[in-house]
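The file work-v4.txt contains compact mmCIF, C-alpha atoms and all ligand atoms:
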```
# COMPACT_ATOMS: atom_id res chain seq x y z
CA MET L 16 -19.75 -17.62 -3.51
CA ARG L 17 -16.22 -18.11 -4.78
CA LYS L 18 -13.13 -17.57 -2.67
CA ASN L 19 -10.49 -14.96 -3.30
CA ILE L 20 -7.02 -16.50 -3.20
CA VAL L 21 -3.49 -15.16 -3.28
CA ALA L 22 -1.00 -17.96 -3.92
CA GLY L 23 2.77 -17.77 -4.08
CA ASN L 24 4.69 -19.86 -6.58
CA TRP L 25 8.26 -19.91 -5.35
CA LYS L 26 9.43 -21.86 -8.43
CA MET L 27 13.04 -23.15 -8.04
CA ASN L 28 14.01 -20.70 -5.32
CA THR L 29 15.10 -20.98 -1.67
CA THR L 30 16.91 -23.75 0.18
CA VAL L 31 14.87 -25.68 2.74
CA PRO L 32 15.95 -23.49 5.71
CA GLU L 33 15.29 -20.33 3.68
CA GLY L 34 11.90 -21.68 2.65
CA ILE L 35 10.87 -22.53 6.22
CA LYS L 36 11.86 -19.02 7.29
CA LEU L 37 9.89 -17.40 4.45
CA ALA L 38 6.83 -19.55 5.15
CA GLN L 39 6.96 -18.63 8.84
CA GLU L 40 7.27 -14.94 7.99
CA VAL L 41 4.24 -15.17 5.72
CA SER L 42 2.24 -17.08 8.31
CA GLN L 43 3.06 -14.61 11.09
CA ALA L 44 2.17 -11.66 8.86
CA VAL L 45 -1.13 -13.28 7.86
CA LYS L 46 -2.00 -13.91 11.51
CA ALA L 47 -1.06 -10.34 12.44
CA ALA L 48 -3.17 -8.96 9.59
CA GLY L 49 -6.36 -10.27 11.20
CA GLU L 50 -9.39 -10.81 8.99
CA LEU L 51 -8.34 -11.03 5.34
CA LYS L 52 -10.51 -10.98 2.22
CA CYS L 53 -8.60 -13.88 0.66
CA ASP L 54 -7.15 -17.31 1.37
CA VAL L 55 -3.37 -17.49 1.29
CA ILE L 56 -1.32 -20.33 -0.20
CA VAL L 57 2.41 -20.84 -0.62
CA GLY L 58 3.55 -23.00 -3.53
CA VAL L 59 6.89 -24.57 -2.63
CA PRO L 60 9.49 -26.95 -4.11
CA PHE L 61 9.13 -30.68 -3.30
CA PRO L 62 11.84 -30.90 -0.59
CA HIS L 63 10.12 -28.05 1.26
CA LEU L 64 6.68 -29.64 1.45
CA VAL L 65 7.10 -31.66 4.64
CA PRO L 66 8.90 -29.05 6.77
CA VAL L 67 6.78 -26.14 5.47
CA CYS L 68 3.55 -28.09 6.10
CA GLN L 69 4.79 -28.85 9.62
CA ALA L 70 5.75 -25.22 10.22
CA LEU L 71 2.35 -23.96 8.99
CA SER L 72 0.23 -26.74 10.51
CA GLY L 73 -2.98 -25.47 12.08
CA GLY L 74 -2.34 -21.94 10.80
CA PRO L 75 -4.10 -19.85 8.17
CA VAL L 76 -1.69 -20.46 5.25
CA ALA L 77 -2.16 -23.49 2.98
CA VAL L 78 0.59 -25.22 1.03
CA ALA L 79 0.81 -26.19 -2.64
CA ALA L 80 3.27 -28.32 -4.58
CA GLU L 81 4.43 -26.91 -7.92
CA ASN L 82 3.96 -30.11 -9.88
CA CYS L 83 3.19 -33.82 -9.60
CA ALA L 84 3.82 -36.89 -11.75
CA ASP L 85 1.64 -38.16 -14.56
CA HIS L 86 1.70 -41.73 -13.16
CA ASP L 87 0.34 -42.92 -9.86
CA LYS L 88 3.39 -44.92 -8.74
CA GLY L 89 6.18 -47.21 -9.86
CA ALA L 90 9.41 -47.08 -11.83
CA TYR L 91 9.57 -43.38 -12.69
CA THR L 92 12.89 -42.33 -11.19
CA GLY L 93 12.91 -38.81 -9.85
CA GLU L 94 9.18 -38.25 -10.09
CA VAL L 95 6.87 -37.31 -7.21
CA SER L 96 3.32 -38.64 -7.25
CA ALA L 97 0.15 -36.79 -6.34
CA ALA L 98 -0.39 -39.23 -3.46
CA MET L 99 3.09 -38.42 -2.13
CA VAL L 100 2.31 -34.71 -2.31
CA ALA L 101 -1.00 -35.23 -0.49
CA SER L 102 0.74 -37.29 2.20
CA THR L 103 2.93 -34.31 3.12
CA GLY L 104 -0.10 -32.31 4.22
CA ALA L 105 -0.15 -30.07 1.15
CA GLN L 106 -3.70 -29.26 0.04
CA TYR L 107 -3.00 -27.95 -3.47
CA VAL L 108 -0.87 -28.66 -6.51
CA ILE L 109 -0.06 -26.17 -9.28
CA LEU L 110 -0.39 -27.84 -12.68
CA GLY L 111 0.08 -26.66 -16.24
CA HIS L 112 2.42 -23.77 -15.52
CA SER L 113 3.84 -22.43 -18.77
CA GLU L 114 7.36 -23.19 -17.52
CA ARG L 115 6.38 -26.87 -17.20
CA ARG L 116 4.62 -26.85 -20.56
CA GLY L 117 7.50 -25.06 -22.26
CA TYR L 118 10.67 -26.46 -20.67
CA TYR L 119 9.41 -29.97 -19.87
CA ASN L 120 7.07 -30.55 -22.79
CA GLU L 121 3.96 -31.07 -20.70
CA SER L 122 1.12 -31.59 -23.14
CA ILE L 123 -2.58 -30.95 -22.75
CA GLU L 124 -3.12 -34.73 -22.62
CA MET L 125 -0.43 -35.26 -19.97
CA LEU L 126 -1.92 -32.47 -17.87
CA LYS L 127 -5.33 -34.09 -18.08
CA THR L 128 -3.79 -37.20 -16.50
CA LYS L 129 -2.03 -35.13 -13.82
CA VAL L 130 -5.28 -33.33 -12.99
CA ASP L 131 -7.08 -36.65 -12.58
CA LEU L 132 -4.35 -38.11 -10.36
CA ALA L 133 -4.18 -34.96 -8.22
CA LEU L 134 -7.94 -34.87 -7.65
CA ALA L 135 -8.02 -38.62 -6.95
CA SER L 136 -5.44 -38.01 -4.20
CA GLY L 137 -7.62 -35.36 -2.63
CA LEU L 138 -5.53 -32.41 -3.76
CA ARG L 139 -7.07 -29.25 -5.15
CA VAL L 140 -5.57 -28.11 -8.42
CA ILE L 141 -4.40 -24.65 -9.38
CA PHE L 142 -4.51 -25.02 -13.15
CA CYS L 143 -2.52 -22.52 -15.22
CA CYS L 144 -3.34 -21.44 -18.75
CA GLY L 145 -2.19 -18.59 -20.93
CA GLU L 146 -0.91 -17.51 -24.29
CA SER L 147 2.52 -16.56 -25.62
CA LEU L 148 3.27 -13.15 -27.09
CA GLU L 149 3.20 -14.61 -30.62
CA GLU L 150 -0.22 -16.12 -29.98
CA ARG L 151 -1.56 -12.82 -28.65
CA LYS L 152 -0.16 -10.92 -31.62
CA ALA L 153 -1.72 -13.46 -33.97
CA GLY L 154 -5.05 -13.05 -32.19
CA THR L 155 -5.27 -16.74 -31.28
CA HIS L 156 -5.11 -16.22 -27.49
CA PHE L 157 -8.78 -17.00 -26.85
CA GLU L 158 -8.49 -20.23 -28.81
CA VAL L 159 -5.23 -21.24 -27.08
CA ILE L 160 -6.76 -20.77 -23.63
CA LYS L 161 -9.94 -22.57 -24.60
CA ASN L 162 -7.95 -25.55 -25.90
CA GLU L 163 -5.92 -25.74 -22.70
CA LEU L 164 -9.02 -25.71 -20.49
CA VAL L 165 -11.17 -27.99 -22.62
CA GLY L 166 -8.35 -30.49 -23.19
CA SER L 167 -7.19 -30.87 -19.58
CA LEU L 168 -10.21 -29.97 -17.41
CA PHE L 169 -13.54 -30.18 -19.17
CA HIS L 170 -13.76 -33.97 -18.96
CA LEU L 171 -14.24 -33.52 -15.19
CA SER L 172 -17.59 -33.87 -13.47
CA ALA L 173 -18.99 -30.63 -12.05
CA GLU L 174 -18.16 -31.89 -8.57
CA ALA L 175 -14.54 -32.61 -9.47
CA PHE L 176 -14.27 -29.31 -11.31
CA GLY L 177 -15.26 -27.62 -8.04
CA GLN L 178 -11.83 -28.60 -6.68
CA VAL L 179 -10.05 -26.64 -9.42
CA VAL L 180 -8.79 -23.06 -9.28
CA ILE L 181 -7.87 -21.56 -12.66
CA ALA L 182 -4.90 -19.23 -13.06
CA TYR L 183 -4.61 -17.08 -16.17
CA GLU L 184 -0.93 -16.40 -16.76
CA PRO L 185 -0.05 -14.69 -20.04
CA ILE L 186 3.44 -16.02 -20.78
CA TRP L 187 4.61 -12.59 -21.96
CA ALA L 188 3.88 -11.17 -18.50
CA ILE L 189 5.68 -13.81 -16.42
CA GLY L 190 8.88 -12.56 -14.84
CA THR L 191 9.13 -9.80 -17.44
CA GLY L 192 7.90 -6.88 -15.37
CA GLU L 193 5.25 -6.38 -18.03
CA THR L 194 1.84 -6.93 -16.44
CA ALA L 195 -1.29 -7.41 -18.46
CA THR L 196 -3.41 -4.33 -17.93
CA ALA L 197 -6.35 -4.86 -15.63
CA ASP L 198 -8.65 -4.57 -18.66
CA GLN L 199 -6.65 -7.11 -20.67
CA ALA L 200 -6.71 -9.56 -17.77
CA GLU L 201 -10.41 -8.99 -17.06
CA GLU L 202 -11.26 -9.65 -20.71
CA ILE L 203 -9.66 -13.11 -20.50
CA HIS L 204 -11.03 -13.87 -17.03
CA ALA L 205 -14.55 -13.07 -18.20
CA PHE L 206 -13.97 -15.27 -21.26
CA ILE L 207 -12.79 -18.15 -19.04
CA ARG L 208 -15.81 -17.77 -16.75
CA GLN L 209 -18.07 -17.82 -19.80
CA LEU L 210 -16.44 -21.06 -21.01
CA VAL L 211 -17.00 -22.60 -17.58
CA ALA L 212 -20.62 -21.42 -17.61
CA GLU L 213 -21.21 -22.99 -21.03
CA LYS L 214 -19.78 -26.30 -19.83
CA TYR L 215 -20.91 -26.49 -16.18
CA GLY L 216 -23.60 -23.83 -15.83
CA ALA L 217 -23.77 -20.41 -14.24
CA VAL L 218 -23.67 -21.59 -10.62
CA VAL L 219 -20.38 -23.48 -11.05
CA ALA L 220 -18.94 -20.61 -13.11
CA ASN L 221 -19.80 -18.14 -10.36
CA ASP L 222 -18.14 -20.38 -7.79
CA THR L 223 -14.91 -20.79 -9.80
CA THR L 224 -11.91 -18.86 -8.53
CA ILE L 225 -9.85 -17.40 -11.39
CA LEU L 226 -6.43 -15.98 -10.50
CA TYR L 227 -4.20 -13.68 -12.49
CA GLY L 228 -0.44 -14.34 -12.70
CA GLY L 229 2.35 -12.41 -14.38
CA SER L 230 4.41 -9.62 -12.77
CA CYS L 231 1.74 -9.05 -10.15
CA LYS L 232 3.06 -6.85 -7.35
CA PRO L 233 1.75 -4.68 -4.50
CA SER L 234 1.53 -1.66 -6.80
CA ASN L 235 -0.68 -3.25 -9.48
CA ALA L 236 -2.62 -5.83 -7.43
CA PRO L 237 -5.37 -3.43 -6.23
CA GLU L 238 -6.36 -2.47 -9.78
CA LEU L 239 -6.29 -6.08 -10.98
CA PHE L 240 -8.22 -7.43 -7.98
CA ALA L 241 -10.87 -4.72 -8.34
CA LYS L 242 -12.04 -6.34 -11.58
CA PRO L 243 -15.17 -8.46 -11.21
CA ASP L 244 -13.71 -11.67 -12.63
CA ILE L 245 -10.23 -11.46 -11.09
CA ASP L 246 -10.36 -13.37 -7.82
CA GLY L 247 -6.74 -13.03 -6.76
CA GLY L 248 -3.26 -13.82 -7.98
CA LEU L 249 -0.63 -16.47 -8.56
CA ILE L 250 2.55 -14.69 -7.61
CA GLY L 251 6.10 -15.57 -8.69
CA GLY L 252 8.91 -13.11 -7.94
CA ALA L 253 6.95 -11.03 -5.45
CA SER L 254 6.15 -14.11 -3.34
CA LEU L 255 9.80 -14.51 -2.36
CA LYS L 256 9.74 -11.59 0.05
CA ALA L 257 7.11 -11.78 2.79
CA ALA L 258 6.54 -8.00 2.77
CA ASP L 259 5.92 -7.88 -1.00
CA PHE L 260 3.69 -10.93 -0.87
CA MET L 261 1.70 -9.43 2.01
CA GLY L 262 1.34 -6.22 0.01
CA ILE L 263 -0.56 -8.31 -2.54
CA VAL L 264 -2.49 -10.36 0.03
CA THR L 265 -3.83 -7.17 1.57
CA ALA L 266 -4.69 -5.60 -1.80
CA PHE L 267 -8.34 -6.70 -1.70
P1 LIG L 301 6.04 -13.52 -11.80
O1 LIG L 301 5.11 -13.01 -10.73
O2 LIG L 301 7.45 -13.62 -11.35
O3 LIG L 301 5.88 -12.79 -13.09
O4 LIG L 301 5.60 -15.06 -12.09
C1 LIG L 301 4.26 -15.35 -12.28
C2 LIG L 301 4.11 -16.81 -12.27
O5 LIG L 301 4.61 -17.50 -13.14
C3 LIG L 301 3.35 -17.42 -11.17
O6 LIG L 301 3.12 -18.76 -11.41
```

Rewrite the coordinates I just gave you, this time as structure tokens.
Amino acid sequence: MRKNIVAGNWKMNTTVPEGIKLAQEVSQAVKAAGELKCDVIVGVPFPHLVPVCQALSGGPVAVAAENCADHDKGAYTGEVSAAMVASTGAQYVILGHSERRGYYNESIEMLKTKVDLALASGLRVIFCCGESLEERKAGTHFEVIKNELVGSLFHLSAEAFGQVVIAYEPIWAIGTGETATADQAEEIHAFIRQLVAEKYGAVVANDTTILYGGSCKPSNAPELFAKPDIDGGLIGGASLKAADFMGIVTAF
């Protein structure tokens, strides 16, 4: 059966010392909480990976990078490869976030390459998809999400696909305070699971963790997580305070 996951995405926030402190606060709170109904991940900026992995080593909280390069190595100044990320001790990488697609022109094709490189390095992928407000208003959101998943993930073998977590993040709900309603999110999550079932079969679809992201907070997490196809959250703003993040972690 699939795992529930709550993952933080710190984005471009916190210095290294601030990040170590936040990671330690989260780890201590998770340990103190005892048995949880979800796995907990913190997604951190590149410079934080090594010290945060060291600080959390052997503990219950896993670490994700927020991106990796679309080449395996070589003359790509400023880039960080999937193998480099894996060598820090991080277990996950977030790929396809709408901020990367939008601000850094990451295409479906480029993300396909990044997914392959990440999986080849032994990382698990948290793959983000989601529509803009214009696309939702135009009624093309199902098609947009399908294209993103088919184009970057559905070339994978079923075994490789098993290393992928999907995150549905409607762009209009990210950082805006406007959350998708639980019914709106569930509609898309069920659609995504159906797409996975058509491609990989019901067993794989049932085992696929699908997270919701977009203004998720302690107050709305219980209603979202109560939906049958919502298996947790990818949390931006509310992951920057340990107490808020824990309010979501304990929402199951
Ligand atoms: P917020 O929780 O700040 O809306 O961000 C969501 C997000 O983009 C997580 O990846």

Tell me, as a PDB file with C-alpha atoms, in the frame of the given file, which residues lie within 7 Å of Ile160 (chain L), counting all atoms listed in the file; anything in the same chain fewer than 4 positions away does not count.
```pdb
ATOM      1  CA  CYS L 144      -3.340 -21.440 -18.750  1.00  0.00           C
ATOM      2  CA  GLY L 145      -2.190 -18.590 -20.930  1.00  0.00           C
ATOM      3  CA  GLU L 146      -0.910 -17.510 -24.290  1.00  0.00           C
ATOM      4  CA  HIS L 156      -5.110 -16.220 -27.490  1.00  0.00           C
ATOM      5  CA  LEU L 164      -9.020 -25.710 -20.490  1.00  0.00           C
TER       6      LEU L 164
END
```

Padded axis-aligned box of ligand LIG 301 (chain L) (5 Å per side), centre and edge lengths, Å, one decimal, as AutoDock Vina command-line options:
```
--center_x 5.3 --center_y -15.8 --center_z -11.9 --size_x 14.3 --size_y 16.0 --size_z 12.4
```

If the limit is 10 Å from any atom of ligand LIG 301 (chain L), counting only C-alpha atoms and all ligand atoms, which residues qualify? Return them as JSON, numbers by chain. {"L": [22, 23, 24, 25, 26, 58, 81, 109, 110, 111, 112, 113, 114, 141, 143, 182, 183, 184, 185, 186, 187, 188, 189, 190, 191, 192, 193, 194, 226, 227, 228, 229, 230, 231, 232, 248, 249, 250, 251, 252, 253, 254, 255]}

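Among the candidates L:Lys18, L:Lys46, L:Lys52, L:His170, the one nearest to Glu124 (chain L) when counting all atoms listed in the file is L:His170.
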
Pick out the residues sitting within 7 Å of region 67-75 of chain L, and hand them over as a ChimeraX atom specification; count all atoms listed in the file, and ignore anything fewer than 5 positions along from it in its own chain. /L:35,38-39,42,103-105

Write a file of the selected residues as a PDB file, in the frame of the given file, keeping C-alpha atoms.
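Below is the file selection-v1.pdb, written as the result:
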```pdb
ATOM      1  CA  ILE L  35      10.870 -22.530   6.220  1.00  0.00           C
ATOM      2  CA  ALA L  38       6.830 -19.550   5.150  1.00  0.00           C
ATOM      3  CA  GLN L  39       6.960 -18.630   8.840  1.00  0.00           C
ATOM      4  CA  SER L  42       2.240 -17.080   8.310  1.00  0.00           C
ATOM      5  CA  THR L 103       2.930 -34.310   3.120  1.00  0.00           C
ATOM      6  CA  GLY L 104      -0.100 -32.310   4.220  1.00  0.00           C
ATOM      7  CA  ALA L 105      -0.150 -30.070   1.150  1.00  0.00           C
TER       8      ALA L 105
END
```

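Taking CA of Ala205 (chain L) and CA of Asp244 (chain L) as endpoints, the distance between them is 5.8 Å.
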
Near-Ala200 (chain L) list (8 Å; only C-alpha atoms; drop same-chain fewer than 3 positions) as a PDB file with C-alpha atoms, in the coordinates of the input:
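Result file selection-v3.pdb:
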```pdb
ATOM      1  CA  TYR L 183      -4.610 -17.080 -16.170  1.00  0.00           C
ATOM      2  CA  ALA L 195      -1.290  -7.410 -18.460  1.00  0.00           C
ATOM      3  CA  THR L 196      -3.410  -4.330 -17.930  1.00  0.00           C
ATOM      4  CA  ALA L 197      -6.350  -4.860 -15.630  1.00  0.00           C
ATOM      5  CA  ILE L 203      -9.660 -13.110 -20.500  1.00  0.00           C
ATOM      6  CA  HIS L 204     -11.030 -13.870 -17.030  1.00  0.00           C
ATOM      7  CA  TYR L 227      -4.200 -13.680 -12.490  1.00  0.00           C
ATOM      8  CA  LEU L 239      -6.290  -6.080 -10.980  1.00  0.00           C
ATOM      9  CA  ILE L 245     -10.230 -11.460 -11.090  1.00  0.00           C
TER      10      ILE L 245
END
```

Which one of L:Cys53, L:Leu138, L:Leu132, L:Ala266 sits closest to Val78 (chain L) if you count all atoms listed in the file?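 Using all atoms listed in the file, the shortest distance to Val78 (chain L) belongs to L:Leu138.
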
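Here CA of Met99 (chain L) stands at a distance of 20.6 Å from CA of Tyr119 (chain L).
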
In Å to one decimal, how far is CA of Ile207 (chain L) from CA of Gly117 (chain L)? 21.7 Å

Calculated over all atoms listed in the file, which of the candidates L:Val130, L:Val41, L:Ala220, L:Val180 has the smallest distance to Leu168 (chain L)?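 Closest residue, counting all atoms listed in the file: L:Val130.
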
Nearest candidate to Asp85 (chain L) (options L:Ala153, L:Val55, L:Ala217, L:Ile123; using only C-alpha atoms):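 Looking only at the distances to Asp85 (chain L), the closest residue turns out to be L:Ile123.
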
Restricting the calculation to only C-alpha atoms: of L:Ser234, L:Asn19, L:Ser102, L:Thr223, which residue gets closest to Arg208 (chain L)?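 Among the listed residues, the smallest separation from Arg208 (chain L) belongs to L:Thr223.
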